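Text of model-v7.txt (compact mmCIF, C-alpha atoms) as supplied:
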# COMPACT_ATOMS: atom_id res chain seq x y z
CA MET A 238 377.40 -156.87 -45.87
CA ARG A 239 373.65 -157.37 -46.30
CA LEU A 240 373.68 -160.20 -43.70
CA ARG A 241 375.48 -157.99 -41.17
CA ALA A 242 372.94 -155.17 -41.65
CA THR A 243 370.07 -157.58 -41.08
CA VAL A 244 371.63 -158.91 -37.86
CA VAL A 245 372.16 -155.35 -36.61
CA LEU A 246 368.54 -154.47 -37.44
CA LEU A 247 367.21 -157.51 -35.60
CA LEU A 248 369.35 -156.69 -32.57
CA VAL A 249 368.10 -153.10 -32.57
CA CYS A 250 364.42 -154.14 -32.95
CA GLY A 251 364.87 -156.77 -30.26
CA ALA A 252 366.14 -154.08 -27.95
CA CYS A 253 363.05 -151.96 -28.78
CA LYS A 254 360.52 -154.61 -27.68
CA LYS A 255 358.82 -153.85 -24.38
CA ASP A 256 356.00 -155.53 -22.52
CA PRO A 257 352.75 -153.49 -22.45
CA PRO A 258 352.26 -151.60 -19.20
CA PRO A 259 349.97 -153.33 -16.70
CA VAL A 260 346.33 -152.18 -16.81
CA ASP A 261 345.42 -150.00 -13.86
CA PRO A 262 342.69 -151.86 -11.85
CA LYS A 263 340.73 -148.66 -11.42
CA THR A 264 340.72 -148.04 -15.16
CA GLU A 265 339.61 -151.62 -15.78
CA ALA A 266 336.90 -151.27 -13.11
CA ASP A 267 335.65 -148.10 -14.81
CA GLY A 268 335.36 -150.00 -18.06
CA HIS A 269 333.24 -152.69 -16.41
CA TYR A 270 331.11 -150.00 -14.74
CA VAL A 271 330.34 -148.41 -18.10
CA ALA A 272 329.62 -151.83 -19.62
CA ALA A 273 327.28 -152.68 -16.71
CA THR A 274 325.39 -149.43 -17.19
CA ALA A 275 325.01 -150.11 -20.91
CA ALA A 276 323.75 -153.63 -20.22
CA TYR A 277 321.26 -152.31 -17.66
CA LEU A 278 319.88 -149.79 -20.15
CA LYS A 279 319.48 -152.57 -22.72
CA GLY A 280 317.59 -154.65 -20.17
CA ASP A 281 320.29 -157.32 -19.99
CA PHE A 282 320.33 -157.53 -16.20
CA LYS A 283 322.39 -160.72 -16.03
CA GLU A 284 325.23 -159.15 -17.98
CA ALA A 285 325.00 -156.01 -15.85
CA HIS A 286 325.45 -158.08 -12.67
CA THR A 287 328.47 -159.81 -14.20
CA HIS A 288 330.18 -156.48 -14.90
CA PHE A 289 329.30 -155.08 -11.47
CA ASP A 290 330.86 -158.18 -9.89
CA GLU A 291 334.06 -157.35 -11.75
CA VAL A 292 333.90 -153.76 -10.51
CA ARG A 293 333.68 -155.06 -6.94
CA ARG A 294 336.65 -157.41 -7.49
CA LEU A 295 338.84 -154.72 -9.02
CA SER A 296 337.71 -151.73 -6.94
CA PRO A 297 335.87 -152.90 -3.82
CA ASP A 298 335.75 -149.39 -2.34
CA ASP A 299 333.99 -147.83 -5.34
CA LYS A 300 331.31 -145.61 -3.77
CA ARG A 301 329.18 -145.69 -6.92
CA LEU A 302 328.66 -149.44 -6.79
CA PRO A 303 325.97 -149.87 -4.09
CA GLY A 304 323.68 -147.27 -5.67
CA ALA A 305 324.19 -148.66 -9.19
CA GLU A 306 323.47 -152.19 -8.02
CA GLY A 307 320.46 -150.87 -6.10
CA GLU A 308 319.02 -149.46 -9.34
CA LEU A 309 319.54 -152.80 -11.04
CA LEU A 310 317.97 -154.79 -8.22
CA MET A 311 315.07 -152.36 -8.08
CA ALA A 312 314.42 -152.89 -11.79
CA GLU A 313 314.37 -156.62 -11.11
CA GLN A 314 311.82 -156.11 -8.31
CA ARG A 315 314.27 -157.57 -5.80
CA ILE A 316 313.07 -155.10 -3.20
CA ASP A 317 314.85 -156.29 -0.04
CA GLU A 318 318.22 -156.56 -1.79
CA ALA A 319 317.75 -153.17 -3.46
CA LEU A 320 316.89 -151.59 -0.13
CA ALA A 321 320.03 -153.00 1.48
CA ARG A 322 322.22 -151.67 -1.34
CA PHE A 323 320.70 -148.17 -1.19
CA GLU A 324 321.07 -148.08 2.59
CA GLU A 325 324.74 -148.88 2.09
CA ALA A 326 324.97 -146.19 -0.60
CA ALA A 327 323.47 -143.62 1.77
CA LYS A 328 326.15 -144.37 4.36
CA LEU A 329 328.94 -144.08 1.80
CA ASP A 330 327.63 -140.89 0.18
CA PRO A 331 324.89 -139.24 2.28
CA LYS A 332 324.86 -136.15 0.04
CA ARG A 333 323.52 -137.99 -3.02
CA GLY A 334 319.86 -137.02 -3.27
CA THR A 335 318.86 -139.79 -5.68
CA THR A 336 319.80 -142.43 -3.13
CA TRP A 337 317.39 -140.94 -0.58
CA SER A 338 314.70 -140.68 -3.24
CA ARG A 339 315.04 -144.39 -4.02
CA LEU A 340 315.02 -145.23 -0.33
CA GLY A 341 311.78 -143.28 0.02
CA VAL A 342 310.15 -145.39 -2.69
CA LEU A 343 311.46 -148.66 -1.29
CA TYR A 344 310.44 -147.87 2.29
CA ALA A 345 306.96 -147.06 0.97
CA ILE A 346 306.80 -150.43 -0.76
CA LYS A 347 307.78 -152.06 2.53
CA ASP A 348 305.00 -150.04 4.22
CA GLN A 349 307.52 -148.20 6.39
CA LYS A 350 305.76 -144.86 5.96
CA ALA A 351 307.69 -142.83 8.52
CA LYS A 352 311.05 -143.90 7.07
CA SER A 353 309.77 -143.21 3.57
CA ALA A 354 308.67 -139.67 4.44
CA GLU A 355 311.99 -138.98 6.18
CA ALA A 356 314.00 -140.26 3.19
CA LEU A 357 311.95 -138.28 0.68
CA ALA A 358 312.29 -135.10 2.74
CA LYS A 359 316.04 -135.66 2.77
CA ALA A 360 316.03 -136.16 -1.00
CA LEU A 361 314.21 -132.86 -1.54
CA GLU A 362 316.50 -131.09 0.90
CA LEU A 363 319.42 -132.13 -1.27
CA ASN A 364 317.58 -131.58 -4.56
CA PRO A 365 314.31 -129.58 -4.41
CA LYS A 366 313.62 -130.55 -8.04
CA ASP A 367 313.70 -134.30 -7.47
CA PHE A 368 310.53 -135.20 -9.40
CA ASN A 369 310.58 -138.81 -8.22
CA ALA A 370 310.50 -137.65 -4.60
CA HIS A 371 307.63 -135.25 -5.29
CA GLU A 372 305.64 -137.99 -7.03
CA SER A 373 306.26 -140.42 -4.18
CA LEU A 374 305.07 -137.85 -1.66
CA GLY A 375 302.03 -137.33 -3.86
CA ASP A 376 301.30 -141.06 -3.80
CA ALA A 377 301.63 -141.06 -0.01
CA ALA A 378 299.25 -138.10 0.29
CA LEU A 379 296.74 -139.80 -1.97
CA GLU A 380 296.87 -142.93 0.15
CA LYS A 381 295.98 -140.78 3.17
CA GLY A 382 293.07 -139.19 1.32
CA GLU A 383 294.81 -135.83 0.90
CA LEU A 384 293.85 -135.19 -2.72
CA ASP A 385 294.87 -131.52 -2.90
CA GLU A 386 298.33 -132.29 -1.54
CA ALA A 387 298.69 -135.23 -3.92
CA VAL A 388 297.79 -133.06 -6.91
CA ARG A 389 300.17 -130.33 -5.74
CA ARG A 390 303.01 -132.82 -5.51
CA TYR A 391 302.28 -134.36 -8.92
CA LEU A 392 302.34 -130.91 -10.51
CA LEU A 393 305.57 -130.00 -8.72
CA ALA A 394 307.00 -133.26 -10.06
CA ALA A 395 305.80 -132.37 -13.56
CA ASP A 396 307.59 -129.02 -13.37
CA SER A 397 310.92 -130.80 -12.92
CA ALA A 398 310.39 -134.05 -14.81
CA PRO A 399 312.14 -134.75 -18.12
CA GLY A 400 310.42 -135.27 -21.46
CA LYS A 401 307.20 -137.23 -21.62
CA ALA A 402 307.21 -137.79 -17.85
CA GLN A 403 305.94 -134.20 -17.52
CA ALA A 404 302.71 -134.95 -19.35
CA GLU A 405 302.29 -138.29 -17.60
CA LEU A 406 302.37 -136.59 -14.20
CA VAL A 407 299.89 -133.89 -15.25
CA VAL A 408 297.51 -136.55 -16.58
CA LYS A 409 297.95 -138.50 -13.34
CA ALA A 410 296.92 -135.43 -11.34
CA ALA A 411 293.96 -134.74 -13.62
CA GLN A 412 292.70 -138.32 -13.48
CA GLU A 413 292.74 -138.32 -9.68
CA LEU A 414 290.66 -135.14 -9.73
CA VAL A 415 288.22 -136.76 -12.17
CA LYS A 416 287.88 -139.77 -9.85
CA ALA A 417 286.94 -137.32 -7.12
CA LYS A 418 284.34 -135.77 -9.45
CA GLN A 419 286.33 -132.56 -9.79
CA GLY A 420 286.30 -132.44 -13.57
CA ALA A 421 286.38 -128.63 -13.74
CA LYS A 422 289.56 -128.51 -11.66
CA ALA A 423 291.07 -131.29 -13.77
CA LEU A 424 290.36 -129.23 -16.88
CA GLU A 425 292.05 -126.24 -15.28
CA VAL A 426 295.14 -128.32 -14.49
CA LEU A 427 295.31 -129.66 -18.05
CA GLU A 428 294.87 -126.25 -19.65
CA GLN A 429 297.59 -124.75 -17.47
CA ALA A 430 299.96 -127.54 -18.48
CA LYS A 431 299.14 -127.02 -22.15
CA GLY A 432 299.87 -123.31 -21.67
CA LYS A 433 303.33 -124.24 -20.43
CA GLY A 434 303.97 -126.26 -23.59
CA ILE A 435 303.53 -129.65 -21.92
CA THR A 436 302.00 -131.99 -24.46
CA SER A 437 301.40 -135.63 -25.33
CA PRO A 438 298.66 -137.65 -27.04
CA GLU A 439 297.48 -138.83 -23.63
CA LEU A 440 297.27 -135.30 -22.29
CA HIS A 441 295.29 -134.12 -25.32
CA GLN A 442 293.01 -137.14 -24.99
CA GLU A 443 292.32 -136.33 -21.35
CA LEU A 444 291.83 -132.68 -22.25
CA GLY A 445 289.33 -133.65 -24.95
CA ASP A 446 287.39 -135.80 -22.48
CA ARG A 447 287.15 -132.91 -20.05
CA TYR A 448 286.01 -130.52 -22.81
CA VAL A 449 283.26 -132.98 -23.73
CA GLU A 450 282.24 -133.12 -20.09
CA ALA A 451 282.04 -129.32 -20.13
CA SER A 452 280.10 -129.33 -23.45
CA ARG A 453 282.90 -127.35 -25.11
CA TRP A 454 282.56 -129.21 -28.39
CA ASP A 455 284.93 -127.24 -30.62
CA ASP A 456 287.65 -127.27 -27.97
CA ALA A 457 287.17 -131.03 -27.67
CA ILE A 458 287.52 -131.41 -31.43
CA GLY A 459 290.79 -129.47 -31.31
CA ALA A 460 292.14 -131.60 -28.47
CA TYR A 461 291.17 -134.89 -30.10
CA GLY A 462 292.59 -133.66 -33.40
CA ALA A 463 295.94 -133.07 -31.69
CA THR A 464 295.73 -136.58 -30.23
CA ALA A 465 294.95 -138.03 -33.66
CA GLU A 466 298.21 -136.71 -35.10
CA LYS A 467 299.95 -139.41 -33.05
CA ASP A 468 297.06 -141.82 -32.42
CA PRO A 469 294.84 -142.07 -35.53
CA THR A 470 292.06 -143.85 -33.61
CA ALA A 471 291.19 -140.43 -32.16
CA TRP A 472 289.86 -139.37 -35.58
CA GLU A 473 286.76 -141.33 -34.66
CA LEU A 474 286.13 -138.96 -31.75
CA VAL A 475 286.69 -135.97 -34.00
CA ALA A 476 284.22 -137.39 -36.53
CA GLU A 477 281.53 -138.02 -33.92
CA LEU A 478 281.78 -134.47 -32.59
CA GLU A 479 281.82 -132.92 -36.06
CA LEU A 480 278.70 -134.94 -36.88
CA ARG A 481 277.11 -133.74 -33.66
CA GLN A 482 277.77 -130.18 -34.79
CA GLY A 483 276.19 -130.93 -38.17
CA ARG A 484 279.43 -130.42 -40.07
CA LEU A 485 279.09 -133.38 -42.42
CA GLU A 486 282.09 -132.66 -44.64
CA LYS A 487 284.44 -132.36 -41.67
CA ALA A 488 282.98 -135.48 -40.10
CA GLU A 489 283.48 -137.38 -43.36
CA ALA A 490 287.07 -136.16 -43.63
CA ALA A 491 287.78 -137.36 -40.09
CA TRP A 492 286.29 -140.80 -40.76
CA LYS A 493 288.42 -141.10 -43.91
CA LYS A 494 291.55 -140.22 -41.94
CA ALA A 495 290.63 -142.95 -39.46
CA LEU A 496 290.15 -145.40 -42.35
CA ALA A 497 293.50 -144.42 -43.85
CA SER A 498 295.14 -145.73 -40.68
CA LYS A 499 293.10 -148.95 -40.52
CA ASP A 500 290.28 -150.40 -42.58
CA GLN A 501 287.69 -151.50 -40.05
CA ALA A 502 283.94 -151.91 -39.76
CA LEU A 503 283.35 -149.14 -37.21
CA TYR A 504 284.77 -146.52 -39.54
CA HIS A 505 282.60 -147.69 -42.44
CA VAL A 506 279.56 -147.51 -40.17
CA GLY A 507 280.59 -143.93 -39.37
CA LEU A 508 280.78 -143.05 -43.05
CA GLY A 509 277.46 -144.81 -43.56
CA ARG A 510 275.85 -142.55 -40.99
CA ILE A 511 277.16 -139.55 -42.94
CA CYS A 512 275.47 -141.01 -46.02
CA LEU A 513 272.20 -141.35 -44.11
CA ALA A 514 272.46 -137.76 -42.90
CA ARG A 515 272.68 -136.79 -46.57
CA LYS A 516 269.75 -139.07 -47.39
CA ASP A 517 271.96 -141.06 -49.76
CA SER A 518 270.72 -144.62 -49.24
CA ALA A 519 272.88 -146.12 -51.99
CA CYS A 520 276.01 -144.70 -50.35
CA ALA A 521 274.86 -145.98 -46.93
CA LYS A 522 274.27 -149.50 -48.27
CA ALA A 523 277.69 -149.51 -49.92
CA GLU A 524 279.30 -148.59 -46.60
CA LEU A 525 277.26 -151.31 -44.87
CA ASP A 526 278.65 -153.87 -47.32
CA ARG A 527 282.17 -152.66 -46.57
CA ALA A 528 281.48 -152.75 -42.83
CA LEU A 529 280.21 -156.33 -42.99
CA ALA A 530 283.22 -157.35 -45.09
CA THR A 531 285.70 -155.95 -42.57
CA ALA A 532 283.86 -156.90 -39.36
CA THR A 533 285.86 -159.18 -37.08
CA GLY A 534 283.10 -160.17 -34.65
CA GLU A 535 285.65 -159.85 -31.86
CA GLU A 536 284.52 -156.52 -30.38
CA VAL A 537 281.16 -156.01 -28.69
CA ARG A 538 281.08 -152.35 -29.66
CA GLU A 539 281.59 -153.26 -33.30
CA SER A 540 278.62 -155.64 -33.15
CA MET A 541 276.43 -153.08 -31.40
CA GLU A 542 277.25 -150.36 -33.95
CA LEU A 543 276.64 -152.75 -36.83
CA ALA A 544 273.31 -153.85 -35.37
CA ALA A 545 272.15 -150.25 -34.97
CA PHE A 546 273.26 -149.44 -38.53
CA LEU A 547 271.43 -152.47 -39.91
CA ALA A 548 268.29 -151.32 -38.12
CA SER A 549 268.62 -147.83 -39.58
CA LEU A 550 268.69 -149.39 -43.08
CA ASP A 551 265.42 -151.29 -42.57
CA ARG A 552 267.20 -154.49 -41.62
CA LYS A 553 266.00 -154.54 -38.04
CA ALA A 554 265.59 -158.29 -37.91
CA ASP A 555 269.21 -158.79 -38.95
CA GLY A 556 270.36 -156.23 -36.39
CA LEU A 557 268.40 -157.95 -33.64
CA LYS A 558 269.76 -161.36 -34.65
CA LEU A 559 273.32 -160.03 -34.41
CA LEU A 560 272.74 -158.49 -30.98
CA GLU A 561 270.98 -161.60 -29.73
CA ALA A 562 273.91 -163.82 -30.71
CA VAL A 563 276.51 -161.61 -29.06
CA ALA A 564 274.43 -161.02 -25.91
CA ALA A 565 273.98 -164.77 -25.44
CA GLU A 566 277.72 -165.34 -25.09
CA GLU A 567 278.55 -166.34 -21.53
CA GLU A 568 281.11 -163.58 -20.96
CA GLN A 569 278.63 -160.95 -22.22
CA LYS A 570 275.56 -161.88 -20.17
CA LYS A 571 276.35 -159.23 -17.55
CA ASN A 572 277.28 -156.56 -20.08
CA GLU A 573 274.65 -153.98 -19.17
CA PRO A 574 274.93 -151.65 -22.22
CA LEU A 575 274.73 -154.65 -24.54
CA GLN A 576 271.75 -156.26 -22.80
CA LEU A 577 269.91 -152.94 -22.65
CA ALA A 578 270.51 -152.39 -26.38
CA LEU A 579 269.15 -155.88 -27.04
CA ALA A 580 266.09 -155.27 -24.86
CA ARG A 581 265.30 -151.96 -26.58
CA MET A 582 265.64 -153.43 -30.06
CA ALA A 583 263.63 -156.51 -29.07
CA LYS A 584 260.84 -154.31 -27.67
CA GLU A 585 260.69 -152.33 -30.93
CA GLN A 586 260.15 -155.59 -32.79
CA GLY A 587 257.60 -157.00 -30.38
CA ARG A 588 259.89 -159.75 -29.00
CA ALA A 589 258.65 -159.68 -25.39
CA GLU A 590 260.37 -162.95 -24.45
CA LEU A 591 263.72 -161.60 -25.61
CA VAL A 592 263.18 -158.38 -23.69
CA LYS A 593 262.55 -160.48 -20.57
CA THR A 594 265.66 -162.61 -21.17
CA ALA A 595 267.93 -159.60 -21.63
CA CYS A 596 266.54 -157.83 -18.57
CA GLU A 597 266.84 -160.87 -16.33
CA ARG A 598 270.52 -161.10 -17.17
CA ILE A 599 271.23 -157.66 -15.73
CA ALA A 600 268.55 -157.37 -13.02
CA PRO A 601 267.92 -155.11 -11.17
CA ALA A 602 268.97 -152.69 -13.93
CA LYS A 603 266.13 -150.68 -15.44
CA CYS A 604 264.84 -152.16 -18.67
CA PRO A 605 262.43 -150.88 -21.31
Could you write out this structure as structure tokens?
Amino acid sequence: MRLRATVVLLLVCGACKKDPPPVDPKTEADGHYVAATAAYLKGDFKEAHTHFDEVRRLSPDDKRLPGAEGELLMAEQRIDEALARFEEAAKLDPKRGTTWSRLGVLYAIKDQKAKSAEALAKALELNPKDFNAHESLGDAALEKGELDEAVRRYLLAADSAPGKAQAELVVKAAQELVKAKQGAKALEVLEQAKGKGITSPELHQELGDRYVEASRWDDAIGAYGATAEKDPTAWELVAELELRQGRLEKAEAAWKKALASKDQALYHVGLGRICLARKDSACAKAELDRALATATGEEVRESMELAAFLASLDRKADGLKLLEAVAAEEEQKKNEPLQLALARMAKEQGRAELVKTACERIAPAKCP
């Protein structure tokens, strides 16, 4: 009886077995498309190409493929191939604004300016908030010497850009204005962006620089302080400005915050200068010892600051010796600030021959 039941059960289960349904090629192609996109975002371009090849095999008429491959080829700097793929994408789907935006960039790279302008105009016609198209038009305007138009485009791009790209575009506009010696206008641009809530360490840094240029010391301290929350090296700038304002306690606090992020000679020199301002020579000498212990000798500025600090502690000969050694290095012989510092210190110590040597290295620069 038990044997008969088992046979019946096996026959029933055997009748239930079915082969799995065949995988729809389109579904399989979609899977490879997603996998290709993931690989691209990870930076694994070879794997992305492999999956896109499978998409083409399974679904050769997929309209997404030329544009997706164009993005990949563009990331690989394979400009001609990327251009061909985006041109194909534009034919397949002429209403996709991003394709025209990419074509605008690629035509610009190929120095086909008329085609680039036409493609970018098309991109903005389809999507007026295409920040890439606005930025590309800004770059084109800048190349033609049209600074105001370039800045206008960069700011339009910033209005539509996502995340940190907003601040990057504002800073880009401001820096072009600074190059053109329009610092006041750059400051206006940066302040307007800040008022809109656009922020980044780089934007605050640029804002601080412009405040310094405008002699707005407390505003500069605020901007550099905001930078320092993400980039602790900016505490040095805060400390220098606080010291300039005679606020020794705040300057000291800023130097200590800088030191908390990294123990380095420059920060100890800064604290040593606070000690000197308080006429505390023992404190200054202690900071000098710490500065010398942490000095790397790899940065010219570090050596210059140490030399000046040594001189301020009645060790002028040691300071001059340090400057002389650094200034004699082949790669530093044309470093004008360094050679001028050496010449000034040498003159103070009656080393006429060293003054002459330093000045000859940077002639015809003015020397003491």
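For the residues A:Glu313, A:Pro297, A:Lys401, A:Ala345, ranking by smallest atom-to-atom distance to A:Gly280 using only C-alpha atoms places A:Glu313 first.
Separating atom CA of A:Thr470 from atom CA of A:Ala495 is a distance of 6.1 Å.
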For A:Leu302: contacts at 10 Å, only C-alpha atoms, fewer than 2 positions along chain excluded, given as a PDB file with C-alpha atoms, in the frame of the given file:
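Output file out_16.pdb is given in full below:
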ATOM      1  CA  TYR A 270     331.110-150.000 -14.740  1.00  0.00           C
ATOM      2  CA  PHE A 289     329.300-155.080 -11.470  1.00  0.00           C
ATOM      3  CA  ASP A 290     330.860-158.180  -9.890  1.00  0.00           C
ATOM      4  CA  VAL A 292     333.900-153.760 -10.510  1.00  0.00           C
ATOM      5  CA  ARG A 293     333.680-155.060  -6.940  1.00  0.00           C
ATOM      6  CA  SER A 296     337.710-151.730  -6.940  1.00  0.00           C
ATOM      7  CA  PRO A 297     335.870-152.900  -3.820  1.00  0.00           C
ATOM      8  CA  ASP A 298     335.750-149.390  -2.340  1.00  0.00           C
ATOM      9  CA  ASP A 299     333.990-147.830  -5.340  1.00  0.00           C
ATOM     10  CA  LYS A 300     331.310-145.610  -3.770  1.00  0.00           C
ATOM     11  CA  GLY A 304     323.680-147.270  -5.670  1.00  0.00           C
ATOM     12  CA  ALA A 305     324.190-148.660  -9.190  1.00  0.00           C
ATOM     13  CA  GLU A 306     323.470-152.190  -8.020  1.00  0.00           C
ATOM     14  CA  GLY A 307     320.460-150.870  -6.100  1.00  0.00           C
ATOM     15  CA  GLU A 308     319.020-149.460  -9.340  1.00  0.00           C
ATOM     16  CA  ARG A 322     322.220-151.670  -1.340  1.00  0.00           C
ATOM     17  CA  PHE A 323     320.700-148.170  -1.190  1.00  0.00           C
ATOM     18  CA  GLU A 325     324.740-148.880   2.090  1.00  0.00           C
ATOM     19  CA  ALA A 326     324.970-146.190  -0.600  1.00  0.00           C
TER      20      ALA A 326
END
As lines of an AutoDock Vina configuration file, please report the centre and edge lengths, rounded to one decimal in Å, of the axis-aligned box that holds all listed atoms of stretch 541-552 of chain A with 6 Å of padding on each of the six sides.
center_x = 271.3
center_y = -151.2
center_z = -37.2
size_x = 23.8
size_y = 18.7
size_z = 23.7
Distance query stretch 362-379 of chain A at most 6 Å, all atoms listed in the file, self and fewer than 2 positions along chain excluded, as a PyMOL selection string: chain A and resi 334+338+357+359-360+381-384+387+390-391+394+397-398
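Checking A:Leu444, A:Met541, A:Cys604, A:Ala430 one by one against A:Gln412, counting all atoms listed in the file, you find the shortest gap at A:Leu444.
Of the residues under consideration (A:Arg301, A:Leu310, A:Lys350, A:Gly434), A:Arg301 shows the shortest atom-to-atom contact distance to A:Ala327 when counting all atoms listed in the file.
A straight line drawn from atom CA of A:Ala273 to atom CA of A:His288 is 5.1 Å long.
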